[in-house]
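Have a look at work_21.csv; it's CSV, C-alpha atoms:
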```csv
chain,number,residue,atom,x,y,z
A,1,MET,CA,-87.9,7.8,4.5
A,2,ARG,CA,-88.0,6.4,1.0
A,3,ILE,CA,-85.0,6.4,-1.3
A,4,THR,CA,-85.7,7.9,-4.6
A,5,ARG,CA,-83.4,6.7,-7.4
A,6,ARG,CA,-82.6,9.2,-10.1
A,7,LEU,CA,-80.5,8.3,-13.1
A,8,ILE,CA,-78.3,11.3,-14.1
A,9,GLY,CA,-76.6,9.6,-17.0
A,10,ALA,CA,-73.4,7.7,-17.7
A,11,VAL,CA,-70.1,9.6,-17.2
A,12,ALA,CA,-66.7,8.9,-18.6
A,13,ALA,CA,-65.7,5.2,-19.0
A,14,GLY,CA,-64.4,3.7,-15.8
A,15,VAL,CA,-66.3,6.0,-13.5
A,16,ALA,CA,-69.6,5.6,-11.7
A,17,LEU,CA,-72.5,4.8,-14.0
A,18,ALA,CA,-75.2,6.7,-12.2
A,19,VAL,CA,-75.8,8.6,-9.0
A,20,VAL,CA,-78.7,7.8,-6.9
A,21,ALA,CA,-80.4,10.6,-5.0
A,22,GLY,CA,-80.4,10.4,-1.2
A,23,CYS,CA,-83.5,9.9,0.8
A,24,GLY,CA,-85.3,12.4,3.0
A,25,GLY,CA,-84.6,13.0,6.6
A,26,ALA,CA,-84.5,9.7,8.6
A,27,PRO,CA,-85.9,9.7,12.1
A,28,ALA,CA,-83.7,9.5,15.1
A,29,ALA,CA,-82.1,6.1,15.9
A,30,PRO,CA,-83.8,3.8,18.4
A,31,ASP,CA,-81.8,5.4,21.3
A,32,GLY,CA,-82.9,8.8,20.3
A,33,THR,CA,-79.7,10.0,18.8
A,34,ALA,CA,-79.6,12.0,15.6
A,35,PRO,CA,-79.6,10.2,12.2
A,36,VAL,CA,-76.3,9.7,10.4
A,37,ASP,CA,-75.6,10.4,6.7
A,38,VAL,CA,-74.2,7.6,4.7
A,39,ASN,CA,-72.9,7.5,1.1
A,40,PHE,CA,-73.1,3.8,-0.1
A,41,GLY,CA,-71.7,2.5,-3.4
A,42,PHE,CA,-73.0,-0.6,-5.2
A,43,ILE,CA,-72.8,-2.6,-8.4
A,44,PRO,CA,-76.2,-3.1,-10.1
A,45,ASP,CA,-76.3,-6.9,-9.9
A,46,PHE,CA,-77.8,-9.4,-7.4
A,47,ASN,CA,-74.7,-9.5,-5.2
A,48,GLY,CA,-74.1,-5.8,-5.2
A,49,THR,CA,-77.7,-4.6,-4.8
A,50,SER,CA,-80.0,-7.1,-3.1
A,51,LEU,CA,-79.3,-6.0,0.4
A,52,LEU,CA,-79.7,-2.3,-0.4
A,53,ALA,CA,-83.0,-3.1,-2.2
A,54,ILE,CA,-84.3,-5.0,0.8
A,55,ALA,CA,-83.2,-2.3,3.2
A,56,GLU,CA,-85.1,0.3,1.1
A,57,ASP,CA,-88.2,-1.8,0.8
A,58,GLN,CA,-88.3,-2.9,4.5
A,59,GLY,CA,-87.6,0.6,5.9
A,60,LEU,CA,-84.4,-0.6,7.6
A,61,TRP,CA,-82.5,2.6,7.0
A,62,GLU,CA,-85.2,4.5,8.8
A,63,LYS,CA,-85.4,2.0,11.6
A,64,HIS,CA,-81.7,2.5,12.4
A,65,GLY,CA,-81.6,6.3,11.8
A,66,VAL,CA,-79.6,6.4,8.6
A,67,ASN,CA,-79.9,8.9,5.8
A,68,VAL,CA,-78.5,7.0,2.8
A,69,THR,CA,-77.4,8.1,-0.6
A,70,THR,CA,-76.5,5.3,-3.0
A,71,THR,CA,-74.3,5.5,-6.1
A,72,SER,CA,-73.9,2.9,-8.9
A,73,PHE,CA,-70.4,1.8,-10.0
A,74,THR,CA,-69.2,-0.6,-12.7
A,75,ASN,CA,-66.7,-2.4,-10.4
A,76,GLY,CA,-65.2,-2.7,-6.9
A,77,PRO,CA,-61.8,-1.0,-7.4
A,78,LEU,CA,-63.6,2.3,-8.4
A,79,GLN,CA,-65.5,2.2,-5.1
A,80,ILE,CA,-62.2,1.6,-3.2
A,81,GLN,CA,-60.9,4.8,-4.8
A,82,ALA,CA,-64.1,6.7,-3.8
A,83,LEU,CA,-63.7,5.4,-0.2
A,84,GLY,CA,-60.2,6.8,-0.2
A,85,THR,CA,-61.2,10.2,-1.3
A,86,GLY,CA,-64.1,10.3,1.1
A,87,ASP,CA,-66.8,10.3,-1.6
A,88,LEU,CA,-68.1,7.1,-0.3
A,89,ASP,CA,-68.5,5.7,3.3
A,90,PHE,CA,-69.3,2.2,2.3
A,91,GLY,CA,-69.2,0.1,-0.9
A,92,TYR,CA,-69.4,-3.4,-2.3
A,93,ILE,CA,-66.6,-5.4,-3.9
A,94,GLY,CA,-66.3,-8.9,-5.5
A,95,PRO,CA,-63.5,-11.3,-4.7
A,96,GLY,CA,-61.2,-10.0,-7.3
A,97,ALA,CA,-60.9,-6.7,-5.5
A,98,ILE,CA,-60.2,-8.2,-2.0
A,99,TRP,CA,-56.5,-7.4,-2.5
A,100,LEU,CA,-57.3,-3.6,-2.2
A,101,PRO,CA,-58.5,-3.8,1.5
A,102,ALA,CA,-55.7,-6.3,2.1
A,103,SER,CA,-53.2,-3.7,0.9
A,104,GLY,CA,-54.6,-1.3,3.5
A,105,GLN,CA,-56.9,0.8,1.3
A,106,ALA,CA,-60.2,0.0,3.0
A,107,LYS,CA,-61.7,-2.3,5.6
A,108,ILE,CA,-64.1,-5.2,4.9
A,109,VAL,CA,-67.0,-4.8,7.3
A,110,ALA,CA,-69.2,-7.7,6.2
A,111,VAL,CA,-69.1,-10.8,4.1
A,112,ASN,CA,-72.0,-10.9,1.6
A,113,THR,CA,-72.2,-14.1,-0.5
A,114,LEU,CA,-70.0,-16.6,-2.3
A,115,GLY,CA,-69.7,-15.7,-6.0
A,116,GLN,CA,-70.1,-18.3,-8.7
A,117,ALA,CA,-70.7,-16.0,-11.6
A,118,ASP,CA,-67.2,-15.6,-13.1
A,119,ARG,CA,-66.2,-17.2,-16.3
A,120,VAL,CA,-63.4,-17.2,-18.9
A,121,VAL,CA,-65.2,-17.3,-22.2
A,122,ALA,CA,-64.0,-17.4,-25.8
A,123,GLN,CA,-65.2,-17.2,-29.4
A,124,ALA,CA,-66.3,-20.4,-31.1
A,125,GLY,CA,-63.4,-22.6,-32.2
A,126,ILE,CA,-61.4,-21.9,-29.1
A,127,GLY,CA,-61.7,-25.1,-27.1
A,128,SER,CA,-59.3,-24.7,-24.1
A,129,ILE,CA,-57.3,-22.3,-22.1
A,130,GLU,CA,-54.2,-23.5,-23.9
A,131,ASP,CA,-55.8,-22.3,-27.1
A,132,LEU,CA,-55.7,-18.8,-25.9
A,133,ARG,CA,-51.9,-18.6,-26.3
A,134,GLY,CA,-51.1,-15.5,-28.3
A,135,ARG,CA,-54.7,-14.4,-28.5
A,136,THR,CA,-56.4,-11.2,-27.2
A,137,VAL,CA,-58.2,-11.6,-23.9
A,138,ALA,CA,-60.2,-8.7,-22.4
A,139,ILE,CA,-60.4,-8.2,-18.6
A,140,PRO,CA,-61.6,-5.5,-16.1
A,141,GLU,CA,-58.3,-5.3,-14.2
A,142,GLY,CA,-58.3,-5.9,-10.5
A,143,THR,CA,-61.7,-7.6,-10.6
A,144,SER,CA,-63.0,-11.2,-10.3
A,145,GLY,CA,-62.8,-11.4,-14.1
A,146,ASP,CA,-59.1,-10.7,-13.9
A,147,MET,CA,-58.9,-13.3,-11.1
A,148,ILE,CA,-60.7,-16.1,-12.9
A,149,LEU,CA,-58.5,-15.7,-15.9
A,150,THR,CA,-55.3,-15.7,-13.8
A,151,LEU,CA,-56.4,-18.9,-12.0
A,152,ALA,CA,-57.3,-20.6,-15.3
A,153,LEU,CA,-54.0,-19.7,-16.8
A,154,GLN,CA,-52.1,-21.0,-13.8
A,155,LYS,CA,-54.0,-24.2,-13.9
A,156,ALA,CA,-53.0,-24.6,-17.6
A,157,GLY,CA,-49.3,-23.9,-16.8
A,158,MET,CA,-49.5,-20.4,-18.4
A,159,THR,CA,-49.3,-16.8,-17.3
A,160,LYS,CA,-50.7,-13.5,-18.6
A,161,ALA,CA,-47.5,-13.1,-20.6
A,162,ASP,CA,-48.8,-16.0,-22.8
A,163,VAL,CA,-51.8,-14.0,-24.0
A,164,GLN,CA,-52.5,-10.5,-25.1
A,165,ILE,CA,-54.3,-8.8,-22.2
A,166,VAL,CA,-56.7,-6.0,-23.2
A,167,PRO,CA,-57.9,-4.0,-20.1
A,168,MET,CA,-61.5,-2.9,-20.5
A,169,GLU,CA,-64.5,-1.9,-18.5
A,170,PRO,CA,-67.3,-4.6,-18.3
A,171,SER,CA,-69.6,-2.7,-20.7
A,172,ALA,CA,-66.8,-2.4,-23.3
A,173,ILE,CA,-66.1,-6.2,-22.9
A,174,ILE,CA,-69.7,-6.9,-23.8
A,175,THR,CA,-69.3,-4.9,-27.0
A,176,ALA,CA,-65.9,-6.4,-27.8
A,177,LEU,CA,-67.1,-9.9,-27.4
A,178,SER,CA,-70.3,-9.4,-29.3
A,179,SER,CA,-68.5,-7.8,-32.2
A,180,LYS,CA,-65.7,-10.3,-32.0
A,181,GLN,CA,-63.1,-7.7,-31.5
A,182,VAL,CA,-61.4,-9.9,-28.9
A,183,ASP,CA,-60.9,-13.6,-28.8
A,184,ALA,CA,-61.8,-14.2,-25.1
A,185,ALA,CA,-62.5,-12.5,-21.8
A,186,GLY,CA,-62.6,-12.8,-18.1
A,187,ILE,CA,-66.1,-11.6,-17.2
A,188,TRP,CA,-69.2,-12.5,-15.1
A,189,TYR,CA,-72.9,-12.9,-15.1
A,190,PRO,CA,-75.2,-11.0,-15.6
A,191,ALA,CA,-73.1,-9.2,-18.2
A,192,LEU,CA,-72.2,-12.5,-19.8
A,193,ALA,CA,-75.9,-13.3,-20.3
A,194,THR,CA,-76.1,-10.2,-22.5
A,195,VAL,CA,-73.2,-11.4,-24.6
A,196,LYS,CA,-74.6,-14.8,-25.0
A,197,GLN,CA,-77.8,-13.4,-26.5
A,198,GLN,CA,-75.7,-12.0,-29.3
A,199,VAL,CA,-73.0,-14.7,-29.5
A,200,PRO,CA,-74.9,-17.9,-28.7
A,201,ASP,CA,-71.9,-20.1,-29.6
A,202,LEU,CA,-69.6,-18.5,-27.0
A,203,VAL,CA,-67.5,-21.1,-25.3
A,204,GLU,CA,-67.0,-21.2,-21.5
A,205,LEU,CA,-63.5,-22.3,-20.7
A,206,ALA,CA,-63.3,-21.8,-16.9
A,207,LYS,CA,-65.7,-21.1,-14.0
A,208,ASN,CA,-65.4,-20.5,-10.2
A,209,GLN,CA,-66.3,-24.0,-9.3
A,210,ASP,CA,-63.2,-25.3,-11.1
A,211,PHE,CA,-61.1,-23.8,-8.2
A,212,GLU,CA,-63.4,-24.1,-5.2
A,213,GLU,CA,-61.3,-26.7,-3.5
A,214,THR,CA,-58.4,-24.3,-3.1
A,215,VAL,CA,-60.0,-20.8,-3.4
A,216,ALA,CA,-63.2,-19.3,-2.1
A,217,PHE,CA,-64.8,-16.3,-3.9
A,218,PRO,CA,-66.5,-14.2,-1.2
A,219,THR,CA,-68.1,-10.9,-2.0
A,220,ALA,CA,-68.1,-8.2,0.7
A,221,PHE,CA,-69.0,-4.8,1.9
A,222,VAL,CA,-66.2,-2.4,2.6
A,223,ALA,CA,-65.8,0.9,4.4
A,224,GLY,CA,-63.3,3.7,4.4
A,225,ASN,CA,-60.5,3.4,6.9
A,226,ASP,CA,-61.3,6.7,8.4
A,227,VAL,CA,-65.0,5.7,8.7
A,228,VAL,CA,-64.1,2.6,10.6
A,229,SER,CA,-61.6,4.2,12.9
A,230,GLY,CA,-63.4,7.5,13.5
A,231,GLU,CA,-67.2,6.9,13.1
A,232,PRO,CA,-68.1,3.8,15.1
A,233,GLU,CA,-71.8,4.8,15.5
A,234,LYS,CA,-72.2,5.1,11.7
A,235,VAL,CA,-70.5,1.7,11.2
A,236,SER,CA,-72.7,0.1,13.8
A,237,ARG,CA,-75.9,1.4,12.4
A,238,VAL,CA,-75.0,0.3,8.8
A,239,LEU,CA,-74.0,-3.1,10.0
A,240,LYS,CA,-77.3,-3.5,11.8
A,241,VAL,CA,-79.1,-2.7,8.6
A,242,LEU,CA,-77.0,-5.1,6.6
A,243,ARG,CA,-77.5,-7.9,9.2
A,244,GLU,CA,-81.3,-7.6,9.0
A,245,ALA,CA,-81.3,-7.4,5.2
A,246,ILE,CA,-79.1,-10.6,5.1
A,247,ALA,CA,-81.6,-12.5,7.2
A,248,ILE,CA,-84.5,-11.3,5.1
A,249,ARG,CA,-82.7,-12.2,1.8
A,250,ALA,CA,-82.0,-15.7,3.0
A,251,ALA,CA,-85.6,-16.3,4.0
A,252,ASN,CA,-87.2,-14.7,1.0
A,253,PRO,CA,-85.1,-15.5,-2.1
A,254,ASP,CA,-87.8,-14.8,-4.7
A,255,GLN,CA,-88.6,-11.4,-3.1
A,256,ALA,CA,-84.9,-10.5,-3.0
A,257,VAL,CA,-84.8,-11.1,-6.8
A,258,GLN,CA,-87.8,-9.0,-7.5
A,259,LEU,CA,-86.7,-6.1,-5.2
A,260,THR,CA,-83.2,-6.2,-6.9
A,261,ALA,CA,-84.9,-6.0,-10.3
A,262,ASP,CA,-87.0,-3.1,-9.2
A,263,PHE,CA,-84.1,-1.2,-7.6
A,264,ASN,CA,-82.0,-1.5,-10.8
A,265,ALA,CA,-84.9,-1.3,-13.3
A,266,LEU,CA,-84.0,-4.8,-14.7
A,267,ASP,CA,-85.9,-7.7,-16.0
A,268,PRO,CA,-86.5,-10.1,-13.0
A,269,ALA,CA,-85.6,-13.0,-15.2
A,270,GLN,CA,-82.2,-11.5,-15.8
A,271,VAL,CA,-81.7,-10.9,-12.1
A,272,GLN,CA,-82.8,-14.5,-11.4
A,273,ALA,CA,-80.2,-15.8,-13.8
A,274,ASP,CA,-77.7,-13.8,-12.0
A,275,ALA,CA,-78.9,-15.0,-8.6
A,276,ASP,CA,-78.6,-18.6,-9.8
A,277,ASN,CA,-74.8,-18.1,-9.9
A,278,VAL,CA,-74.7,-16.9,-6.2
A,279,GLN,CA,-74.3,-18.9,-3.0
A,280,VAL,CA,-76.4,-16.9,-0.6
A,281,LEU,CA,-75.2,-17.2,3.0
A,282,SER,CA,-77.6,-16.9,6.0
A,283,LEU,CA,-76.9,-14.5,8.9
A,284,GLU,CA,-76.3,-17.5,11.1
A,285,GLU,CA,-73.8,-19.0,8.7
A,286,ILE,CA,-71.9,-15.7,8.4
A,287,ASP,CA,-71.7,-15.3,12.2
A,288,ARG,CA,-70.5,-18.9,12.6
A,289,LEU,CA,-68.0,-18.7,9.8
A,290,THR,CA,-66.7,-15.4,11.3
A,291,GLU,CA,-66.4,-16.9,14.8
A,292,ASP,CA,-64.8,-20.2,13.8
A,293,GLY,CA,-62.2,-18.5,11.6
A,294,THR,CA,-63.4,-19.9,8.3
A,295,ILE,CA,-63.8,-16.5,6.7
A,296,ASP,CA,-60.3,-15.5,7.8
A,297,LYS,CA,-59.1,-18.7,6.0
A,298,TRP,CA,-61.0,-17.6,2.9
A,299,PHE,CA,-59.2,-14.2,2.9
A,300,ALA,CA,-55.9,-15.8,3.7
A,301,GLY,CA,-56.3,-18.1,0.7
A,302,LEU,CA,-57.1,-15.2,-1.5
A,303,GLY,CA,-54.1,-13.4,-0.1
A,304,ASP,CA,-51.8,-16.2,-1.2
A,305,TYR,CA,-53.4,-16.0,-4.6
A,306,PHE,CA,-52.8,-12.2,-4.8
A,307,VAL,CA,-49.2,-12.6,-3.7
A,308,GLY,CA,-48.7,-15.1,-6.5
A,309,ALA,CA,-50.5,-12.8,-9.0
A,310,GLY,CA,-48.3,-9.9,-8.1
A,311,LYS,CA,-51.1,-7.8,-6.5
A,312,LEU,CA,-49.7,-8.0,-2.9
A,313,PRO,CA,-45.9,-8.1,-2.0
A,314,THR,CA,-46.5,-10.4,1.0
A,315,ALA,CA,-49.4,-12.2,2.7
A,316,VAL,CA,-51.5,-10.1,5.1
A,317,ASP,CA,-53.2,-11.2,8.2
A,318,PRO,CA,-57.0,-10.9,7.5
A,319,ALA,CA,-57.4,-9.5,11.0
A,320,GLN,CA,-55.8,-6.3,9.7
A,321,TYR,CA,-58.6,-5.6,7.2
A,322,TYR,CA,-61.6,-7.8,8.1
A,323,THR,CA,-63.5,-6.3,11.0
A,324,GLY,CA,-65.5,-9.4,11.8
A,325,ASP,CA,-65.6,-8.4,15.5
A,326,LEU,CA,-67.7,-5.3,14.5
A,327,PHE,CA,-70.1,-7.4,12.4
A,328,LEU,CA,-70.7,-9.7,15.4
A,329,GLN,CA,-71.0,-6.8,17.9
A,330,ALA,CA,-73.9,-5.4,15.7
A,331,ARG,CA,-76.0,-8.4,16.8
A,332,GLY,CA,-77.5,-6.6,19.7
```

Kindly return the structure encoded in the file as structure tokens.
Amino acid sequence: MRITRRLIGAVAAGVALAVVAGCGGAPAAPDGTAPVDVNFGFIPDFNGTSLLAIAEDQGLWEKHGVNVTTTSFTNGPLQIQALGTGDLDFGYIGPGAIWLPASGQAKIVAVNTLGQADRVVAQAGIGSIEDLRGRTVAIPEGTSGDMILTLALQKAGMTKADVQIVPMEPSAIITALSSKQVDAAGIWYPALATVKQQVPDLVELAKNQDFEETVAFPTAFVAGNDVVSGEPEKVSRVLKVLREAIAIRAANPDQAVQLTADFNALDPAQVQADADNVQVLSLEEIDRLTEDGTIDKWFAGLGDYFVGAGKLPTAVDPAQYYTGDLFLQARG
């Protein structure tokens, strides 16, 4: 099996950017059972694509009897919607969308990386978060760009009511910043790298590391609730693929960058710049952090943030939406 990617063109703003054609028939699983069909969503950056690129290159889908079809999206919330409608089985989300599985709309089946790519940026002449008062700030709502802005405002003793929020898709934010239609934005690399090429004097006002003592920024893979509850074999096979790809990525960082670039038809230098803003976790680290409860603490901390930000009415026990036990069971 070899996945063949086929761009079919952008659709309406806010919907998947491109559909990627599925692969040919996979062989039976190692135990001789029939292959399973999986629809997997991704975001075309290092966090969102590297494991899929590795799985394709290394034949991991074939190895575990999976026929996979992948679809590119602009953000995590859109993938959660697609999981809810059954158009996707699995997807990828950044930390800003964790509130969606916490609210019961999906399950987190695997932790991926720790994101460090989010920024609040502003046009030249704006020197602080306080200077944003009354100004226009673009964000993709419900994403890590939204999250980094909210945290930065809170740290400055402000709220979103103190600025003029302009909801936009990431691609629209690139255009708006480049043409100076907005004063600032909550956005991330690698999209931000594109803006900086056109607006070299763009000012960075806040970044993930400003808040790492109190908030972690895990990226994650998610699955539909019905998939987790009703298709355990599918979940197990996909998790085995992800586990092997995680191990390969940690051991071969340069190869992971090149494969991601090939998968998304991007310049490897652009992907490397993106990867430089990512804390890659080894398989052993993810297992240990799952077993000792650290990842649950990450999600609990994010839950507290989302309650304060109005995304969740009350805190939610991560055990209700993070299936770390299934991730560990896939070790065999």

Fewer than 6 positions away in the same chain doesn't count, so skip those; otherwise give me all residues within 10 Å of Thr314 of chain A, counting all atoms listed in the file, as a ChimeraX atom specification. /A:103,303-304,306-308

Can you tell me which residues surround Asn39 of chain A at a distance of at most 6 Å, considering all atoms listed in the file, apart from same-chain residues fewer than 3 positions away, and format the answer as a ChimeraX atom specification? /A:68-70,88-89

Env of segment 293-299 of chain A: 8 Å cut, atoms = only C-alpha atoms, seq-sep filter 5 positions within chain, self excluded. Answer as a PDB file with C-alpha atoms, keeping the file's coordinate frame.
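Everything below was put into out-v7.pdb:
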```pdb
ATOM      1  CA  ILE A  98     -60.200  -8.200  -2.000  1.00  0.00           C
ATOM      2  CA  VAL A 215     -60.000 -20.800  -3.400  1.00  0.00           C
ATOM      3  CA  ALA A 216     -63.200 -19.300  -2.100  1.00  0.00           C
ATOM      4  CA  PHE A 217     -64.800 -16.300  -3.900  1.00  0.00           C
ATOM      5  CA  PRO A 218     -66.500 -14.200  -1.200  1.00  0.00           C
ATOM      6  CA  PRO A 318     -57.000 -10.900   7.500  1.00  0.00           C
ATOM      7  CA  ALA A 319     -57.400  -9.500  11.000  1.00  0.00           C
ATOM      8  CA  TYR A 322     -61.600  -7.800   8.100  1.00  0.00           C
TER       9      TYR A 322
END
```

Figure out the distance between atom CA of Asp118 of chain A and atom CA of Tyr189 of chain A, please, to one decimal in Å.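 We find that atom CA of Tyr189 of chain A and atom CA of Asp118 of chain A lie 6.6 Å from each other.
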
Neighbours of point (-56.3, -24.8, -19.1) within 12 Å, using only C-alpha atoms, written as a compact mmCIF listing (two decimals) with C-alpha atoms, in the frame of the given file:
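Okay, this is what ended up in point26.txt:
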```
# COMPACT_ATOMS: atom_id res chain seq x y z
CA VAL A 120 -63.40 -17.20 -18.90
CA ILE A 126 -61.40 -21.90 -29.10
CA GLY A 127 -61.70 -25.10 -27.10
CA SER A 128 -59.30 -24.70 -24.10
CA ILE A 129 -57.30 -22.30 -22.10
CA GLU A 130 -54.20 -23.50 -23.90
CA ASP A 131 -55.80 -22.30 -27.10
CA LEU A 132 -55.70 -18.80 -25.90
CA ARG A 133 -51.90 -18.60 -26.30
CA ILE A 148 -60.70 -16.10 -12.90
CA LEU A 149 -58.50 -15.70 -15.90
CA THR A 150 -55.30 -15.70 -13.80
CA LEU A 151 -56.40 -18.90 -12.00
CA ALA A 152 -57.30 -20.60 -15.30
CA LEU A 153 -54.00 -19.70 -16.80
CA GLN A 154 -52.10 -21.00 -13.80
CA LYS A 155 -54.00 -24.20 -13.90
CA ALA A 156 -53.00 -24.60 -17.60
CA GLY A 157 -49.30 -23.90 -16.80
CA MET A 158 -49.50 -20.40 -18.40
CA THR A 159 -49.30 -16.80 -17.30
CA GLU A 204 -67.00 -21.20 -21.50
CA LEU A 205 -63.50 -22.30 -20.70
CA ALA A 206 -63.30 -21.80 -16.90
CA LYS A 207 -65.70 -21.10 -14.00
CA ASP A 210 -63.20 -25.30 -11.10
CA PHE A 211 -61.10 -23.80 -8.20
```

Distance atom CA of Leu83 of chain A-atom CA of Gly224 of chain A, one decimal place?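 We find that atom CA of Leu83 of chain A and atom CA of Gly224 of chain A lie 4.9 Å from each other.
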
If you count all atoms listed in the file, which residues fall within 7 Å of segment 40-56 of chain A, apart from same-chain ones fewer than 3 positions away, as a VMD selection string? chain A and resid 2 to 3 59 to 61 68 to 75 79 88 to 92 241 to 242 245 to 246 256 259 to 260 263 to 264 271 274 to 275

Which value, in Å to one decimal, gives the distance between atom CA of Glu244 of chain A and atom CA of Asp287 of chain A?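 Going from atom CA of Glu244 of chain A over to atom CA of Asp287 of chain A covers 12.7 Å.
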
Within 12 Å of file point (-74.7, -17.0, -23.2), counting all atoms listed in the file, expressed as an MDAnalysis selection string: chainID A and resid 119 121:123 174 177:178 187:204 270 273

When you count all atoms listed in the file, which of these residues is closest to Thr33 of chain A: A:Gly125, A:Gly86, A:Gly301, A:Gly65?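 So, comparing all the options, the nearest one is A:Gly65.
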
Nearest to Ile93 of chain A, chosen from A:Thr214, A:Thr219, A:Gln58, A:Ser179, with all atoms listed in the file counted in the distances: A:Thr219

Have a look at A:Gln272, A:Thr143, A:Asn208, A:Thr323 and name the one nearest to Pro167 of chain A; count only C-alpha atoms.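 So, comparing all the options, the nearest one is A:Thr143.
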
My list of candidates is A:Asn225, A:Gln164, A:Thr136, A:Ser171. Which is closest to Ala82 of chain A when distances are computed with only C-alpha atoms? A:Asn225

Using only C-alpha atoms, find the one residue out of A:Gln181, A:Asp325, A:Pro140, A:Gly310 that sits nearest to Asp292 of chain A.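 For Asp292 of chain A, the nearest of the candidates is A:Asp325.
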
Neighbouring residues of Val235 of chain A were defined as those with any atom within 12 Å, considering all atoms listed in the file; residues of the same chain fewer than 4 positions away were excluded. Please report them as JSON, numbers by chain. {"A": [36, 37, 38, 39, 40, 64, 66, 89, 90, 107, 108, 109, 110, 221, 222, 223, 224, 225, 226, 227, 228, 229, 230, 231, 239, 240, 241, 242, 323, 326, 327, 329, 330]}

To box segment 264-282 of chain A, take all atoms listed in the file, fit an axis-aligned box, add 8 Å on each side, and give centre and edge lengths in Å to one decimal, as lines of an AutoDock Vina configuration file.
```
center_x = -80.4
center_y = -10.1
center_z = -5.0
size_x = 28.2
size_y = 33.6
size_z = 38.0
```

Take segment 188-203 of chain A, bring it up to N, CA and C atoms, and give me the output as an mmCIF file, in the frame of the given file.
```cif
data_model
loop_
_atom_site.group_PDB
_atom_site.id
_atom_site.type_symbol
_atom_site.label_atom_id
_atom_site.label_comp_id
_atom_site.auth_asym_id
_atom_site.auth_seq_id
_atom_site.Cartn_x
_atom_site.Cartn_y
_atom_site.Cartn_z
ATOM 1 N N TRP A 188 -68.230 -11.883 -16.036
ATOM 2 C CA TRP A 188 -69.200 -12.500 -15.100
ATOM 3 C C TRP A 188 -70.606 -12.314 -15.552
ATOM 4 N N TYR A 189 -71.477 -13.139 -14.961
ATOM 5 C CA TYR A 189 -72.900 -12.900 -15.100
ATOM 6 C C TYR A 189 -73.309 -11.790 -14.147
ATOM 7 N N PRO A 190 -74.297 -10.947 -14.495
ATOM 8 C CA PRO A 190 -75.200 -11.000 -15.600
ATOM 9 C C PRO A 190 -74.730 -10.428 -16.929
ATOM 10 N N ALA A 191 -73.563 -9.754 -16.905
ATOM 11 C CA ALA A 191 -73.100 -9.200 -18.200
ATOM 12 C C ALA A 191 -72.883 -10.230 -19.223
ATOM 13 N N LEU A 192 -72.447 -11.409 -18.803
ATOM 14 C CA LEU A 192 -72.200 -12.500 -19.800
ATOM 15 C C LEU A 192 -73.491 -12.942 -20.431
ATOM 16 N N ALA A 193 -74.588 -12.865 -19.723
ATOM 17 C CA ALA A 193 -75.900 -13.300 -20.300
ATOM 18 C C ALA A 193 -76.219 -12.377 -21.498
ATOM 19 N N THR A 194 -75.875 -11.095 -21.401
ATOM 20 C CA THR A 194 -76.100 -10.200 -22.500
ATOM 21 C C THR A 194 -75.311 -10.580 -23.734
ATOM 22 N N VAL A 195 -74.049 -10.947 -23.507
ATOM 23 C CA VAL A 195 -73.200 -11.400 -24.600
ATOM 24 C C VAL A 195 -73.741 -12.615 -25.278
ATOM 25 N N LYS A 196 -74.177 -13.568 -24.460
ATOM 26 C CA LYS A 196 -74.600 -14.800 -25.000
ATOM 27 C C LYS A 196 -75.882 -14.693 -25.877
ATOM 28 N N GLN A 197 -76.661 -13.659 -25.619
ATOM 29 C CA GLN A 197 -77.800 -13.400 -26.500
ATOM 30 C C GLN A 197 -77.372 -13.056 -27.898
ATOM 31 N N GLN A 198 -76.216 -12.408 -28.002
ATOM 32 C CA GLN A 198 -75.700 -12.000 -29.300
ATOM 33 C C GLN A 198 -74.699 -12.954 -29.892
ATOM 34 N N VAL A 199 -74.042 -13.714 -29.024
ATOM 35 C CA VAL A 199 -73.000 -14.700 -29.500
ATOM 36 C C VAL A 199 -73.384 -16.039 -28.826
ATOM 37 N N PRO A 200 -74.413 -16.718 -29.323
ATOM 38 C CA PRO A 200 -74.900 -17.900 -28.700
ATOM 39 C C PRO A 200 -73.876 -19.087 -28.667
ATOM 40 N N ASP A 201 -72.886 -19.035 -29.561
ATOM 41 C CA ASP A 201 -71.900 -20.100 -29.600
ATOM 42 C C ASP A 201 -70.648 -19.812 -28.790
ATOM 43 N N LEU A 202 -70.734 -18.801 -27.918
ATOM 44 C CA LEU A 202 -69.600 -18.500 -27.000
ATOM 45 C C LEU A 202 -69.260 -19.695 -26.191
ATOM 46 N N VAL A 203 -67.981 -19.920 -25.983
ATOM 47 C CA VAL A 203 -67.500 -21.100 -25.300
ATOM 48 C C VAL A 203 -67.025 -20.724 -23.868
#
```
